[in-house]
file work31.cif (mmCIF, C-alpha atoms)
data_data
#
loop_
_atom_site.label_atom_id
_atom_site.label_comp_id
_atom_site.auth_asym_id
_atom_site.auth_seq_id
_atom_site.Cartn_x
_atom_site.Cartn_y
_atom_site.Cartn_z
CA MET A 238 111.69 153.06 195.67
CA GLN A 239 114.37 154.60 197.89
CA ALA A 240 117.06 153.69 195.37
CA LEU A 241 115.04 155.41 192.63
CA ARG A 242 114.62 158.56 194.72
CA GLU A 243 118.36 158.68 195.37
CA MET A 244 119.06 158.29 191.63
CA VAL A 245 116.56 161.00 190.69
CA GLU A 246 118.02 163.38 193.26
CA GLY A 247 121.55 162.67 192.05
CA LEU A 248 120.69 163.11 188.39
CA SER A 249 118.73 166.30 189.06
CA GLU A 250 121.96 167.95 190.24
CA PHE A 251 123.35 167.62 186.71
CA VAL A 252 120.28 167.95 184.46
CA PRO A 253 119.10 171.56 183.98
CA GLY A 254 115.70 171.94 185.63
CA GLY A 255 115.98 168.52 187.25
CA ILE A 256 114.13 165.36 186.28
CA THR A 257 110.84 163.65 186.99
CA VAL A 258 110.42 159.90 186.59
CA GLU A 259 106.92 158.67 185.81
CA LEU A 260 106.30 154.99 186.56
CA PRO A 261 103.86 152.72 184.63
CA GLY A 262 101.15 153.09 187.30
CA GLY A 263 101.30 156.88 187.18
CA THR A 264 103.47 157.42 190.29
CA ARG A 265 105.95 160.27 189.89
CA VAL A 266 109.31 160.66 191.59
CA GLY A 267 110.96 164.06 191.47
CA ALA A 268 109.66 167.41 190.30
CA GLY A 269 111.99 168.38 187.49
CA SER A 270 111.11 169.73 184.07
CA CYS A 271 112.73 166.84 182.17
CA ARG A 272 110.31 163.90 182.26
CA VAL A 273 111.47 160.31 181.96
CA VAL A 274 108.41 158.19 181.22
CA ILE A 275 108.79 154.49 182.04
CA LYS A 276 106.35 152.27 180.14
CA ASP A 277 107.40 148.82 181.35
CA ASP A 278 107.85 147.47 184.88
CA ARG A 279 111.17 145.85 183.92
CA VAL A 280 112.80 149.18 183.03
CA LEU A 281 113.40 150.43 186.54
CA ARG A 282 114.79 147.10 187.71
CA ASP A 283 117.23 146.91 184.80
CA ILE A 284 118.40 150.53 185.12
CA LEU A 285 119.02 150.22 188.86
CA ARG A 286 120.99 147.02 188.24
CA ASP A 287 123.01 148.36 185.28
CA PRO A 288 122.34 152.05 184.41
CA GLU A 289 124.09 152.15 181.01
CA MET A 290 122.79 148.90 179.53
CA GLY A 291 119.39 149.17 181.19
CA PHE A 292 118.72 152.66 179.88
CA GLY A 293 120.21 152.04 176.44
CA GLU A 294 118.37 148.82 175.71
CA HIS A 295 114.99 149.99 176.95
CA TYR A 296 115.30 153.38 175.23
CA MET A 297 115.95 151.81 171.85
CA LYS A 298 113.02 149.42 172.35
CA GLY A 299 110.68 152.29 173.22
CA ASN A 300 110.04 151.09 176.78
CA LEU A 301 110.95 154.52 178.10
CA ALA A 302 110.86 158.04 176.70
CA VAL A 303 112.68 161.26 177.55
CA GLU A 304 110.34 164.22 177.25
CA GLY A 305 112.83 167.03 177.18
CA ASP A 306 116.23 167.62 175.60
CA LEU A 307 117.87 164.20 175.22
CA GLU A 308 121.36 165.66 174.98
CA SER A 309 121.02 167.63 178.24
CA PHE A 310 119.63 164.57 179.97
CA LEU A 311 122.46 162.32 178.76
CA ARG A 312 125.03 164.95 179.67
CA GLY A 313 123.69 164.86 183.22
CA CYS A 314 123.83 161.06 183.20
CA PHE A 315 127.50 161.12 182.13
CA LEU A 316 128.42 163.48 184.94
CA TYR A 317 126.35 161.55 187.48
CA LEU A 318 127.88 158.20 186.54
CA GLN A 319 131.39 159.63 186.79
CA ARG A 320 130.83 159.50 190.53
CA LYS A 321 130.37 155.77 190.42
CA LYS A 322 132.86 153.08 189.68
CA GLU A 323 131.86 151.20 186.53
CA GLU A 324 132.39 147.46 186.27
CA LYS A 325 134.86 146.17 183.74
CA ASN A 326 133.40 143.90 181.10
CA LEU A 327 135.81 141.01 181.68
CA GLY A 328 133.82 138.56 179.57
CA PHE A 329 134.34 140.61 176.41
CA ASP A 330 138.09 141.05 176.95
CA LEU A 331 138.56 137.36 177.80
CA MET A 332 136.74 136.39 174.59
CA ARG A 333 139.10 138.49 172.47
CA ALA A 334 142.14 137.09 174.33
CA LEU A 335 141.00 133.52 173.60
CA LEU A 336 140.40 134.29 169.92
CA ARG A 337 143.84 135.90 169.71
CA MET A 338 145.49 132.77 171.13
CA LEU A 339 143.60 130.58 168.65
CA GLY A 340 144.64 132.77 165.73
CA LEU A 341 141.02 133.67 164.93
CA ILE A 342 141.05 137.33 165.94
CA ARG A 343 141.41 138.65 162.36
CA ARG A 344 138.27 136.87 161.16
CA TRP A 345 136.40 138.08 164.26
CA GLU A 346 137.53 141.68 163.63
CA GLU A 347 136.44 141.52 159.99
CA ARG A 348 132.96 140.38 161.03
CA GLU A 349 132.73 143.16 163.64
CA VAL A 350 133.73 145.91 161.20
CA ARG A 351 131.39 144.71 158.46
CA LYS A 352 128.46 144.58 160.88
CA HIS A 353 128.78 148.34 161.29
CA TYR A 354 129.92 149.61 157.90
CA ASP A 355 127.94 147.28 155.68
CA LEU A 356 124.60 148.64 156.85
CA GLY A 357 124.44 150.14 153.39
CA ASN A 358 125.84 153.12 151.52
CA GLU A 359 122.33 154.53 151.23
CA PHE A 360 122.00 154.69 155.01
CA TYR A 361 125.24 156.61 155.54
CA SER A 362 124.57 158.92 152.60
CA LEU A 363 121.43 160.15 154.40
CA TRP A 364 123.37 161.94 157.13
CA LEU A 365 127.07 162.17 156.24
CA ASP A 366 128.37 165.03 154.12
CA SER A 367 128.60 164.73 150.35
CA SER A 368 132.15 163.28 150.55
CA MET A 369 130.88 160.40 152.74
CA THR A 370 133.45 161.19 155.41
CA TYR A 371 132.64 159.32 158.62
CA SER A 372 135.09 160.95 161.04
CA CYS A 373 135.64 164.20 162.91
CA ALA A 374 135.55 167.39 160.84
CA PHE A 375 137.45 170.61 161.61
CA PHE A 376 135.35 173.76 161.92
CA ALA A 377 137.76 176.62 161.28
CA SER A 378 134.87 178.99 161.99
CA PRO A 379 131.61 178.37 163.91
CA GLY A 380 129.45 178.99 160.83
CA MET A 381 131.30 176.58 158.56
CA THR A 382 129.17 173.92 156.85
CA LEU A 383 129.83 170.23 157.47
CA GLU A 384 131.02 169.78 153.88
CA HIS A 385 133.56 172.58 154.20
CA ALA A 386 134.64 171.40 157.67
CA GLN A 387 135.36 167.91 156.33
CA GLN A 388 137.29 169.41 153.45
CA GLU A 389 139.27 171.54 155.93
CA LYS A 390 140.04 168.42 157.99
CA ARG A 391 141.48 166.71 154.95
CA ARG A 392 143.46 169.82 153.97
CA ILE A 393 145.08 169.87 157.42
CA ILE A 394 145.97 166.20 157.10
CA TYR A 395 147.60 166.77 153.71
CA GLU A 396 149.56 169.71 155.09
CA LYS A 397 150.79 167.74 158.10
CA LEU A 398 151.87 164.90 155.81
CA GLN A 399 153.76 167.44 153.65
CA LEU A 400 152.45 165.80 150.46
CA THR A 401 154.59 166.45 147.43
CA GLU A 402 155.25 165.11 143.94
CA GLY A 403 156.24 161.47 143.83
CA ASP A 404 154.79 160.52 147.22
CA THR A 405 153.09 157.19 147.74
CA LEU A 406 150.24 157.48 150.24
CA LEU A 407 148.56 154.59 152.05
CA ASP A 408 145.19 155.09 153.79
CA ILE A 409 144.51 152.33 156.34
CA GLY A 410 140.75 152.13 156.73
CA CYS A 411 139.97 154.37 153.78
CA GLY A 412 136.19 154.41 154.26
CA TRP A 413 134.39 155.65 151.17
CA GLY A 414 137.65 156.93 149.70
CA SER A 415 137.40 160.68 150.29
CA ILE A 416 141.13 161.02 151.00
CA ILE A 417 142.65 158.72 148.38
CA THR A 418 140.48 160.05 145.55
CA GLU A 419 140.91 163.70 146.53
CA VAL A 420 144.70 163.65 146.94
CA ALA A 421 145.10 162.19 143.48
CA THR A 422 143.38 165.25 142.02
CA LEU A 423 145.30 167.75 144.17
CA TYR A 424 148.84 166.28 144.11
CA PRO A 425 150.94 164.38 141.58
CA ILE A 426 151.10 161.31 143.83
CA ARG A 427 149.79 157.74 143.95
CA ALA A 428 147.39 156.58 146.65
CA VAL A 429 146.31 153.21 148.00
CA GLY A 430 143.45 152.52 150.40
CA ILE A 431 142.33 149.42 152.27
CA THR A 432 139.01 148.61 153.92
CA LEU A 433 137.23 145.59 155.42
CA SER A 434 133.80 146.79 154.31
CA LYS A 435 132.55 145.23 151.09
CA ASN A 436 130.15 148.14 150.55
CA GLN A 437 132.93 150.69 150.92
CA TYR A 438 135.24 148.69 148.68
CA GLN A 439 132.71 148.57 145.83
CA TYR A 440 131.87 152.25 146.30
CA VAL A 441 135.54 153.31 146.04
CA LYS A 442 136.21 151.07 143.03
CA GLU A 443 133.32 152.67 141.18
CA LYS A 444 134.43 156.15 142.23
CA ILE A 445 137.94 155.53 140.89
CA LEU A 446 136.48 154.56 137.51
CA GLN A 447 134.00 157.45 137.44
CA GLU A 448 136.73 160.00 138.15
CA GLY A 449 139.26 158.46 135.78
CA LEU A 450 141.81 157.75 138.53
CA GLU A 451 142.87 154.26 137.38
CA GLY A 452 146.62 153.85 137.68
CA ARG A 453 146.87 156.54 140.34
CA VAL A 454 144.47 155.27 142.99
CA GLU A 455 144.00 151.69 144.18
CA VAL A 456 141.73 150.12 146.79
CA TYR A 457 141.94 146.69 148.37
CA LEU A 458 139.52 144.66 150.47
CA MET A 459 141.94 143.50 153.14
CA HIS A 460 142.90 143.44 156.82
CA TYR A 461 145.78 145.70 157.79
CA GLU A 462 147.85 142.66 158.83
CA GLU A 463 147.90 141.60 155.18
CA LEU A 464 149.57 144.82 154.01
CA PRO A 465 153.11 143.38 153.88
CA LYS A 466 151.81 140.88 151.29
CA LEU A 467 151.49 143.75 148.83
CA GLY A 468 155.29 143.87 148.76
CA ARG A 469 155.27 147.66 148.70
CA LYS A 470 156.62 150.51 150.81
CA PHE A 471 154.98 153.91 151.30
CA ASN A 472 156.53 157.18 152.39
CA LYS A 473 153.25 158.61 153.72
CA VAL A 474 150.65 156.68 155.73
CA VAL A 475 147.38 157.93 157.19
CA SER A 476 144.68 156.22 159.23
CA VAL A 477 141.50 158.15 160.04
CA GLY A 478 138.83 156.73 162.34
CA MET A 479 140.00 153.14 162.00
CA PHE A 480 142.25 152.72 165.05
CA GLU A 481 139.19 152.52 167.31
CA HIS A 482 138.45 149.12 165.70
CA VAL A 483 141.89 147.64 166.35
CA GLY A 484 140.88 146.38 169.78
CA LYS A 485 142.49 146.20 173.19
CA GLY A 486 145.80 144.39 173.16
CA ARG A 487 146.17 144.72 169.39
CA HIS A 488 147.65 148.21 169.09
CA ARG A 489 151.29 147.13 168.99
CA LYS A 490 150.59 144.72 166.14
CA PHE A 491 149.06 147.60 164.19
CA PHE A 492 152.15 149.78 164.71
CA GLN A 493 154.44 146.88 163.76
CA VAL A 494 152.64 146.58 160.43
CA VAL A 495 152.87 150.33 159.81
CA SER A 496 156.57 150.25 160.68
CA ASP A 497 157.13 147.42 158.21
CA ILE A 498 155.53 149.20 155.25
CA LEU A 499 156.64 152.79 156.02
CA GLU A 500 159.86 153.98 154.44
CA GLU A 501 162.62 155.39 156.61
CA GLY A 502 162.03 159.12 156.88
CA GLY A 503 158.34 158.66 156.08
CA LEU A 504 155.41 160.21 157.93
CA PHE A 505 152.44 158.55 159.63
CA LEU A 506 149.34 160.46 160.74
CA LEU A 507 146.98 158.66 163.13
CA HIS A 508 143.54 160.28 163.58
CA THR A 509 141.63 158.51 166.34
CA ILE A 510 139.16 158.87 169.18
CA GLY A 511 141.08 158.51 172.41
CA LYS A 512 141.15 159.09 176.13
CA VAL A 513 143.67 161.03 178.18
CA HIS A 514 143.97 158.17 180.68
CA PRO A 515 142.89 154.51 180.36
CA SER A 516 139.29 154.17 181.45
CA SER A 517 136.16 152.07 181.05
CA GLN A 518 134.42 151.74 177.70
CA SER A 519 130.74 152.03 176.80
CA ARG A 520 129.44 148.47 176.86
CA TRP A 521 126.17 149.47 175.19
CA ILE A 522 127.99 151.00 172.20
CA ARG A 523 130.30 148.00 171.97
CA LYS A 524 127.32 145.66 171.91
CA TYR A 525 124.95 147.49 169.58
CA ILE A 526 127.00 149.95 167.47
CA PHE A 527 130.73 149.16 167.35
CA PRO A 528 131.30 145.48 168.17
CA GLY A 529 134.88 145.07 169.27
CA GLY A 530 135.53 148.79 169.50
CA TYR A 531 138.05 150.04 172.04
CA ILE A 532 139.04 153.65 172.66
CA PRO A 533 142.72 153.77 173.63
CA SER A 534 144.42 156.31 175.86
CA ILE A 535 147.41 158.47 174.93
CA GLU A 536 149.55 156.27 177.14
CA GLU A 537 148.39 153.06 175.43
CA ILE A 538 149.05 154.51 171.98
CA LEU A 539 152.55 155.75 172.76
CA ARG A 540 153.47 152.55 174.57
CA ALA A 541 152.29 150.50 171.58
CA CYS A 542 154.74 152.17 169.18
CA GLU A 543 157.71 152.18 171.55
CA GLY A 544 160.86 150.67 170.09
CA LEU A 545 159.48 150.41 166.55
CA GLY A 546 161.39 153.35 165.10
CA PHE A 547 158.66 155.98 165.39
CA ASN A 548 159.42 159.54 166.45
CA LEU A 549 156.55 161.67 167.77
CA ILE A 550 156.26 165.04 166.01
CA ASP A 551 152.90 166.37 167.15
CA ILE A 552 149.61 165.68 168.94
CA ASP A 553 146.42 167.67 168.28
CA ASP A 554 143.17 167.41 170.24
CA TRP A 555 139.99 168.17 168.29
CA ARG A 556 137.54 167.12 171.03
CA ILE A 557 135.08 169.99 170.64
CA HIS A 558 135.17 169.62 166.85
CA TYR A 559 133.88 166.07 167.17
CA TYR A 560 131.05 167.31 169.38
CA ARG A 561 130.07 169.75 166.65
CA THR A 562 130.46 167.07 163.94
CA LEU A 563 128.14 164.70 165.79
CA LYS A 564 125.60 167.48 166.28
CA GLU A 565 125.60 168.03 162.50
CA TRP A 566 125.23 164.32 161.81
CA ARG A 567 122.34 163.99 164.25
CA LYS A 568 120.55 166.98 162.68
CA ARG A 569 120.76 165.36 159.24
CA PHE A 570 119.81 161.99 160.74
CA HIS A 571 116.58 163.49 162.11
CA GLN A 572 115.86 165.23 158.82
CA ASN A 573 115.77 161.76 157.26
CA LYS A 574 113.97 160.02 160.14
CA ASP A 575 111.15 158.59 158.02
CA HIS A 576 113.59 157.22 155.46
CA VAL A 577 115.75 155.55 158.13
CA ILE A 578 112.68 153.99 159.75
CA SER A 579 111.48 152.72 156.38
CA LEU A 580 114.84 150.99 155.91
CA TYR A 581 115.48 149.58 159.37
CA GLY A 582 112.54 150.25 161.68
CA GLU A 583 111.72 152.43 164.69
CA GLU A 584 113.96 150.57 167.14
CA PHE A 585 116.98 151.00 164.86
CA PHE A 586 116.30 154.73 164.57
CA ARG A 587 116.08 155.13 168.35
CA MET A 588 119.25 153.09 168.82
CA TRP A 589 121.28 155.22 166.40
CA ASP A 590 119.77 158.46 167.69
CA LEU A 591 120.89 157.50 171.18
CA TYR A 592 124.35 156.57 169.89
CA LEU A 593 124.84 159.89 168.05
CA THR A 594 123.57 161.91 171.01
CA ALA A 595 125.50 160.02 173.69
CA SER A 596 128.67 160.21 171.59
CA ALA A 597 128.32 163.97 171.23
CA VAL A 598 127.88 164.28 174.99
CA SER A 599 130.98 162.14 175.62
CA PHE A 600 133.09 164.71 173.76
CA TYR A 601 131.34 167.69 175.32
CA VAL A 602 132.01 166.53 178.90
CA GLY A 603 135.61 165.52 178.11
CA SER A 604 135.17 161.75 178.48
CA ASN A 605 136.36 161.23 174.89
CA HIS A 606 138.84 163.19 172.79
CA LEU A 607 139.86 163.22 169.15
CA PHE A 608 143.62 163.02 168.72
CA GLN A 609 145.79 163.46 165.67
CA PHE A 610 149.22 161.92 166.25
CA LEU A 611 151.94 162.69 163.74
CA PHE A 612 154.93 160.34 163.69
CA SER A 613 158.02 160.06 161.54
CA LYS A 614 159.95 156.86 160.86
CA GLY A 615 163.19 157.88 162.47
CA VAL A 616 164.05 161.41 163.54
CA ILE A 617 163.43 164.17 160.99
CA ASN A 618 164.98 167.45 162.15
CA SER A 619 163.98 169.26 158.96
CA TYR A 620 160.23 168.92 159.55
CA PRO A 621 158.68 172.43 159.69
CA VAL A 622 158.02 173.80 163.16
CA MET A 623 154.28 174.20 163.82
CA ARG A 624 152.95 177.43 165.23
CA ARG A 625 149.48 177.29 166.79
CA VAL A 626 146.84 179.86 166.03
CA PHE A 627 143.77 180.48 168.18
CA LEU A 628 140.40 179.98 166.46
CA GLN A 629 136.98 180.56 167.87
CA SER A 630 135.42 177.44 169.37
CA PRO A 631 133.11 175.72 166.86
CA VAL A 632 130.33 175.77 169.46
CA ALA A 633 130.85 179.40 170.54
CA SER A 634 127.79 180.68 168.69
CA HIS A 635 125.71 177.49 168.92
CA SER A 636 123.44 176.36 171.71
CA VAL A 637 124.91 173.51 173.73
#

call {"tool": "encode", "arguments": {"input": "work31.cif", "output": "structure tokens"}}
result
Amino acid sequence: MQALREMVEGLSEFVPGGITVELPGGTRVGAGSCRVVIKDDRVLRDILRDPEMGFGEHYMKGNLAVEGDLESFLRGCFLYLQRKKEEKNLGFDLMRALLRMLGLIRRWEEREVRKHYDLGNEFYSLWLDSSMTYSCAFFASPGMTLEHAQQEKRRIIYEKLQLTEGDTLLDIGCGWGSIITEVATLYPIRAVGITLSKNQYQYVKEKILQEGLEGRVEVYLMHYEELPKLGRKFNKVVSVGMFEHVGKGRHRKFFQVVSDILEEGGLFLLHTIGKVHPSSQSRWIRKYIFPGGYIPSIEEILRACEGLGFNLIDIDDWRIHYYRTLKEWRKRFHQNKDHVISLYGEEFFRMWDLYLTASAVSFYVGSNHLFQFLFSKGVINSYPVMRRVFLQSPVASHSV
């Protein structure tokens, strides 16, 4: 009980109004306005032993409830746990190292990616924007809609890549094809996308036919390591929201492949969640949401491309834009709560609600960032000089 009191006191420093924990027998610890109701005797034991996994697993199963603002509570938990040293999940990293040595890592990665993205196009269409873009948007103004913010994100990417007539663009991890199908209508270029998700692959193939883009847009169901087998070079390469799936220890292989298929003088834009410094990963998210996911640091990314002919042009940080994007996704997710539950059940809904909320908090408190790296193959001194402009924060007029 003393350990619980110490945890409640510590958390109450970071949760507005403090917290109260109500145990199964009715005993209450703390006097805060945010109530954490524990419905099973195992919950407290598991949380005290492993706060992240204990809370996450019992929350999704409905063994505990947060009566108050979940985001504010999780924000307090993030800040509280920053005081404590988290254990490294050695078992997971050793498993991937063994698979890599046995030459089985590609098959493992394919299974991990499909587990997440092949939940069904219907599921993602319930809460993504109309373009089915599953990555950070850019809110040029606080009142911008999610659809317009995703369109603005893509516009910025096209501008950074300096797309022009005759370009050949490759999208590594093309998702539901929003970039490769849009660029073909905006620029006289050819675009190719690859994905490991069978659902995404079929969706993009049908979209290409529906929009009459045959001959200008192609999509392949393949792992990025297989790209050299296409026997083609590209002068523009983009990867949005895929690098987080590459996995620890695999980043250099990814850059080697990009270097092999990128023409000299070409441009590569990498849009990825990242960390400023190497740090621990969320084991709950890696287990239940993104199997195999690893969020690299700036240092790990730049070290991975060293000596492969890449020249760094620019780095952007859209951290607060991802917070706003996740808030928009969660709002739409809740608007379709009954539909999600009818498809996958109550536990699934609680699991994904926790994931969307905790992810938003991770960006708000600065644990995670969203980086856009722009590289050239070789040094390009003629690339336009970027001049920053100051825009109002996308959360300036929204409650946080």

call {"tool": "axis_aligned_box", "arguments": {"input": "work31.cif", "around": "stretch 540-557 of chain A", "padding_each_side": "6 Å", "output": "JSON"}}
result
{"center_x": 148.2, "center_y": 160.2, "center_z": 169.8, "size_x": 38.3, "size_y": 31.6, "size_z": 21.5}

call {"tool": "residues_around", "arguments": {"input": "work31.cif", "residues": "stretch 497-506 of chain A", "least_positions_apart": "6", "cutoff": "12 Å", "atoms": "only C-alpha atoms", "output": "PyMOL selection string"}}
result
chain A and resi 391+393-400+404-409+461-480+490-491+542+545-553+608-620

call {"tool": "resolve_selection", "arguments": {"input": "work31.cif", "expression": "the PyMOL selection byres ((chain A and resi 483-489) around 9)", "output": "ChimeraX atom specification"}}
result
/A:330,333-334,346,479-482,490-494,529-533,537-538,540-543

call {"tool": "resolve_selection", "arguments": {"input": "work31.cif", "expression": "the PyMOL selection byres ((chain A and resi 312) around 12)", "output": "mmCIF file with C-alpha atoms, in the coordinates of the input"}}
result
data_model
loop_
_atom_site.group_PDB
_atom_site.id
_atom_site.type_symbol
_atom_site.label_atom_id
_atom_site.label_comp_id
_atom_site.auth_asym_id
_atom_site.auth_seq_id
_atom_site.Cartn_x
_atom_site.Cartn_y
_atom_site.Cartn_z
ATOM 1 C CA LEU A 248 120.690 163.110 188.390
ATOM 2 C CA SER A 249 118.730 166.300 189.060
ATOM 3 C CA GLU A 250 121.960 167.950 190.240
ATOM 4 C CA PHE A 251 123.350 167.620 186.710
ATOM 5 C CA VAL A 252 120.280 167.950 184.460
ATOM 6 C CA PRO A 253 119.100 171.560 183.980
ATOM 7 C CA ASP A 306 116.230 167.620 175.600
ATOM 8 C CA LEU A 307 117.870 164.200 175.220
ATOM 9 C CA GLU A 308 121.360 165.660 174.980
ATOM 10 C CA SER A 309 121.020 167.630 178.240
ATOM 11 C CA PHE A 310 119.630 164.570 179.970
ATOM 12 C CA LEU A 311 122.460 162.320 178.760
ATOM 13 C CA GLY A 313 123.690 164.860 183.220
ATOM 14 C CA CYS A 314 123.830 161.060 183.200
ATOM 15 C CA PHE A 315 127.500 161.120 182.130
ATOM 16 C CA LEU A 316 128.420 163.480 184.940
ATOM 17 C CA TYR A 317 126.350 161.550 187.480
ATOM 18 C CA LEU A 318 127.880 158.200 186.540
ATOM 19 C CA GLN A 319 131.390 159.630 186.790
ATOM 20 C CA THR A 594 123.570 161.910 171.010
ATOM 21 C CA ALA A 595 125.500 160.020 173.690
ATOM 22 C CA SER A 596 128.670 160.210 171.590
ATOM 23 C CA ALA A 597 128.320 163.970 171.230
ATOM 24 C CA VAL A 598 127.880 164.280 174.990
ATOM 25 C CA SER A 599 130.980 162.140 175.620
ATOM 26 C CA PHE A 600 133.090 164.710 173.760
ATOM 27 C CA TYR A 601 131.340 167.690 175.320
ATOM 28 C CA VAL A 602 132.010 166.530 178.900
ATOM 29 C CA GLY A 603 135.610 165.520 178.110
ATOM 30 C CA SER A 604 135.170 161.750 178.480
ATOM 31 C CA VAL A 637 124.910 173.510 173.730
#

call {"tool": "residues_around", "arguments": {"input": "work31.cif", "residues": "A:Asp287", "least_positions_apart": "2", "cutoff": "12 Å", "atoms": "all atoms listed in the file", "output": "PyMOL selection string"}}
result
chain A and resi 280-285+289-295+318+321-324+520-521

call {"tool": "atom_distance", "arguments": {"input": "work31.cif", "atom1": "atom CA of A:Ile522", "atom2": "atom CA of A:Val266"}}
result
28.6 Å

call {"tool": "closest_residue", "arguments": {"input": "work31.cif", "among": "A:Arg242, A:Glu384, A:Val429, A:Ile535", "to": "A:Glu259", "atoms": "all atoms listed in the file"}}
result
A:Arg242

call {"tool": "residues_around", "arguments": {"input": "work31.cif", "residues": "stretch 355-367 of chain A", "least_positions_apart": "6", "cutoff": "7 Å", "atoms": "all atoms listed in the file", "output": "list in words"}}
result
Leu383, Glu384, Ser434, Lys435, Asn436, Trp566, Arg569, Phe570 and Asn573 of chain A

call {"tool": "atom_distance", "arguments": {"input": "work31.cif", "atom1": "atom CA of A:Leu507", "atom2": "atom CA of A:Lys442"}}
result
24.0 Å

call {"tool": "atom_distance", "arguments": {"input": "work31.cif", "atom1": "atom CA of A:Pro379", "atom2": "atom CA of A:Phe627"}}
result
13.1 Å

call {"tool": "closest_residue", "arguments": {"input": "work31.cif", "among": "A:Thr509, A:Gln518, A:Ser378, A:Ser372", "to": "A:Asp554", "atoms": "all atoms listed in the file"}}
result
A:Thr509

call {"tool": "residues_around", "arguments": {"input": "work31.cif", "residues": "A:Leu593", "least_positions_apart": "6", "cutoff": "8 Å", "atoms": "all atoms listed in the file", "output": "ChimeraX atom specification"}}
result
/A:563-564,566-567

call {"tool": "residues_around", "arguments": {"input": "work31.cif", "residues": "A:Tyr457", "least_positions_apart": "4", "cutoff": "9 Å", "atoms": "only C-alpha atoms", "output": "short mmCIF file (atom, residue, chain, number, x, y, z; two decimals) with C-alpha atoms, in the coordinates of the input"}}
result
data_model
loop_
_atom_site.label_atom_id
_atom_site.label_comp_id
_atom_site.auth_asym_id
_atom_site.auth_seq_id
_atom_site.Cartn_x
_atom_site.Cartn_y
_atom_site.Cartn_z
CA VAL A 429 146.31 153.21 148.00
CA GLY A 430 143.45 152.52 150.40
CA ILE A 431 142.33 149.42 152.27
CA THR A 432 139.01 148.61 153.92
CA LEU A 433 137.23 145.59 155.42
CA TYR A 438 135.24 148.69 148.68
CA LYS A 442 136.21 151.07 143.03
#

call {"tool": "decode", "arguments": {"input": "work31.cif", "residues": "stretch 279-293 of chain A", "atoms": "N, CA and C atoms", "output": "PDB file, in the first residue's frame"}}
result
ATOM      1  N   ARG A 279      -5.524  -7.998  -9.618  1.00  0.00           N
ATOM      2  CA  ARG A 279      -4.229  -8.173 -10.276  1.00  0.00           C
ATOM      3  C   ARG A 279      -3.672  -6.873 -10.843  1.00  0.00           C
ATOM      4  N   VAL A 280      -4.529  -5.886 -11.053  1.00  0.00           N
ATOM      5  CA  VAL A 280      -4.129  -4.651 -11.720  1.00  0.00           C
ATOM      6  C   VAL A 280      -3.023  -3.937 -10.958  1.00  0.00           C
ATOM      7  N   LEU A 281      -3.232  -3.719  -9.690  1.00  0.00           N
ATOM      8  CA  LEU A 281      -2.264  -2.970  -8.892  1.00  0.00           C
ATOM      9  C   LEU A 281      -0.919  -3.673  -8.873  1.00  0.00           C
ATOM     10  N   ARG A 282      -0.941  -4.982  -8.692  1.00  0.00           N
ATOM     11  CA  ARG A 282       0.312  -5.748  -8.674  1.00  0.00           C
ATOM     12  C   ARG A 282       1.074  -5.582  -9.988  1.00  0.00           C
ATOM     13  N   ASP A 283       0.362  -5.689 -11.108  1.00  0.00           N
ATOM     14  CA  ASP A 283       1.018  -5.618 -12.409  1.00  0.00           C
ATOM     15  C   ASP A 283       1.526  -4.217 -12.717  1.00  0.00           C
ATOM     16  N   ILE A 284       0.792  -3.182 -12.309  1.00  0.00           N
ATOM     17  CA  ILE A 284       1.229  -1.803 -12.566  1.00  0.00           C
ATOM     18  C   ILE A 284       2.455  -1.463 -11.734  1.00  0.00           C
ATOM     19  N   LEU A 285       2.468  -1.885 -10.472  1.00  0.00           N
ATOM     20  CA  LEU A 285       3.621  -1.605  -9.618  1.00  0.00           C
ATOM     21  C   LEU A 285       4.866  -2.343 -10.112  1.00  0.00           C
ATOM     22  N   ARG A 286       4.662  -3.509 -10.710  1.00  0.00           N
ATOM     23  CA  ARG A 286       5.791  -4.284 -11.232  1.00  0.00           C
ATOM     24  C   ARG A 286       6.295  -3.722 -12.552  1.00  0.00           C
ATOM     25  N   ASP A 287       5.374  -3.287 -13.419  1.00  0.00           N
ATOM     26  CA  ASP A 287       5.730  -2.780 -14.749  1.00  0.00           C
ATOM     27  C   ASP A 287       4.667  -1.763 -15.161  1.00  0.00           C
ATOM     28  N   PRO A 288       4.858  -0.468 -14.834  1.00  0.00           N
ATOM     29  CA  PRO A 288       3.809   0.548 -15.041  1.00  0.00           C
ATOM     30  C   PRO A 288       3.245   0.602 -16.457  1.00  0.00           C
ATOM     31  N   GLU A 289       4.113   0.610 -17.477  1.00  0.00           N
ATOM     32  CA  GLU A 289       3.624   0.753 -18.852  1.00  0.00           C
ATOM     33  C   GLU A 289       2.797  -0.452 -19.295  1.00  0.00           C
ATOM     34  N   MET A 290       3.363  -1.650 -19.179  1.00  0.00           N
ATOM     35  CA  MET A 290       2.653  -2.840 -19.635  1.00  0.00           C
ATOM     36  C   MET A 290       1.459  -3.148 -18.750  1.00  0.00           C
ATOM     37  N   GLY A 291       1.622  -2.958 -17.439  1.00  0.00           N
ATOM     38  CA  GLY A 291       0.526  -3.239 -16.523  1.00  0.00           C
ATOM     39  C   GLY A 291      -0.682  -2.368 -16.801  1.00  0.00           C
ATOM     40  N   PHE A 292      -0.451  -1.059 -16.937  1.00  0.00           N
ATOM     41  CA  PHE A 292      -1.554  -0.156 -17.217  1.00  0.00           C
ATOM     42  C   PHE A 292      -2.157  -0.436 -18.587  1.00  0.00           C
ATOM     43  N   GLY A 293      -1.301  -0.541 -19.602  1.00  0.00           N
ATOM     44  CA  GLY A 293      -1.798  -0.707 -20.967  1.00  0.00           C
ATOM     45  C   GLY A 293      -2.634  -1.965 -21.145  1.00  0.00           C
TER      46      GLY A 293
END
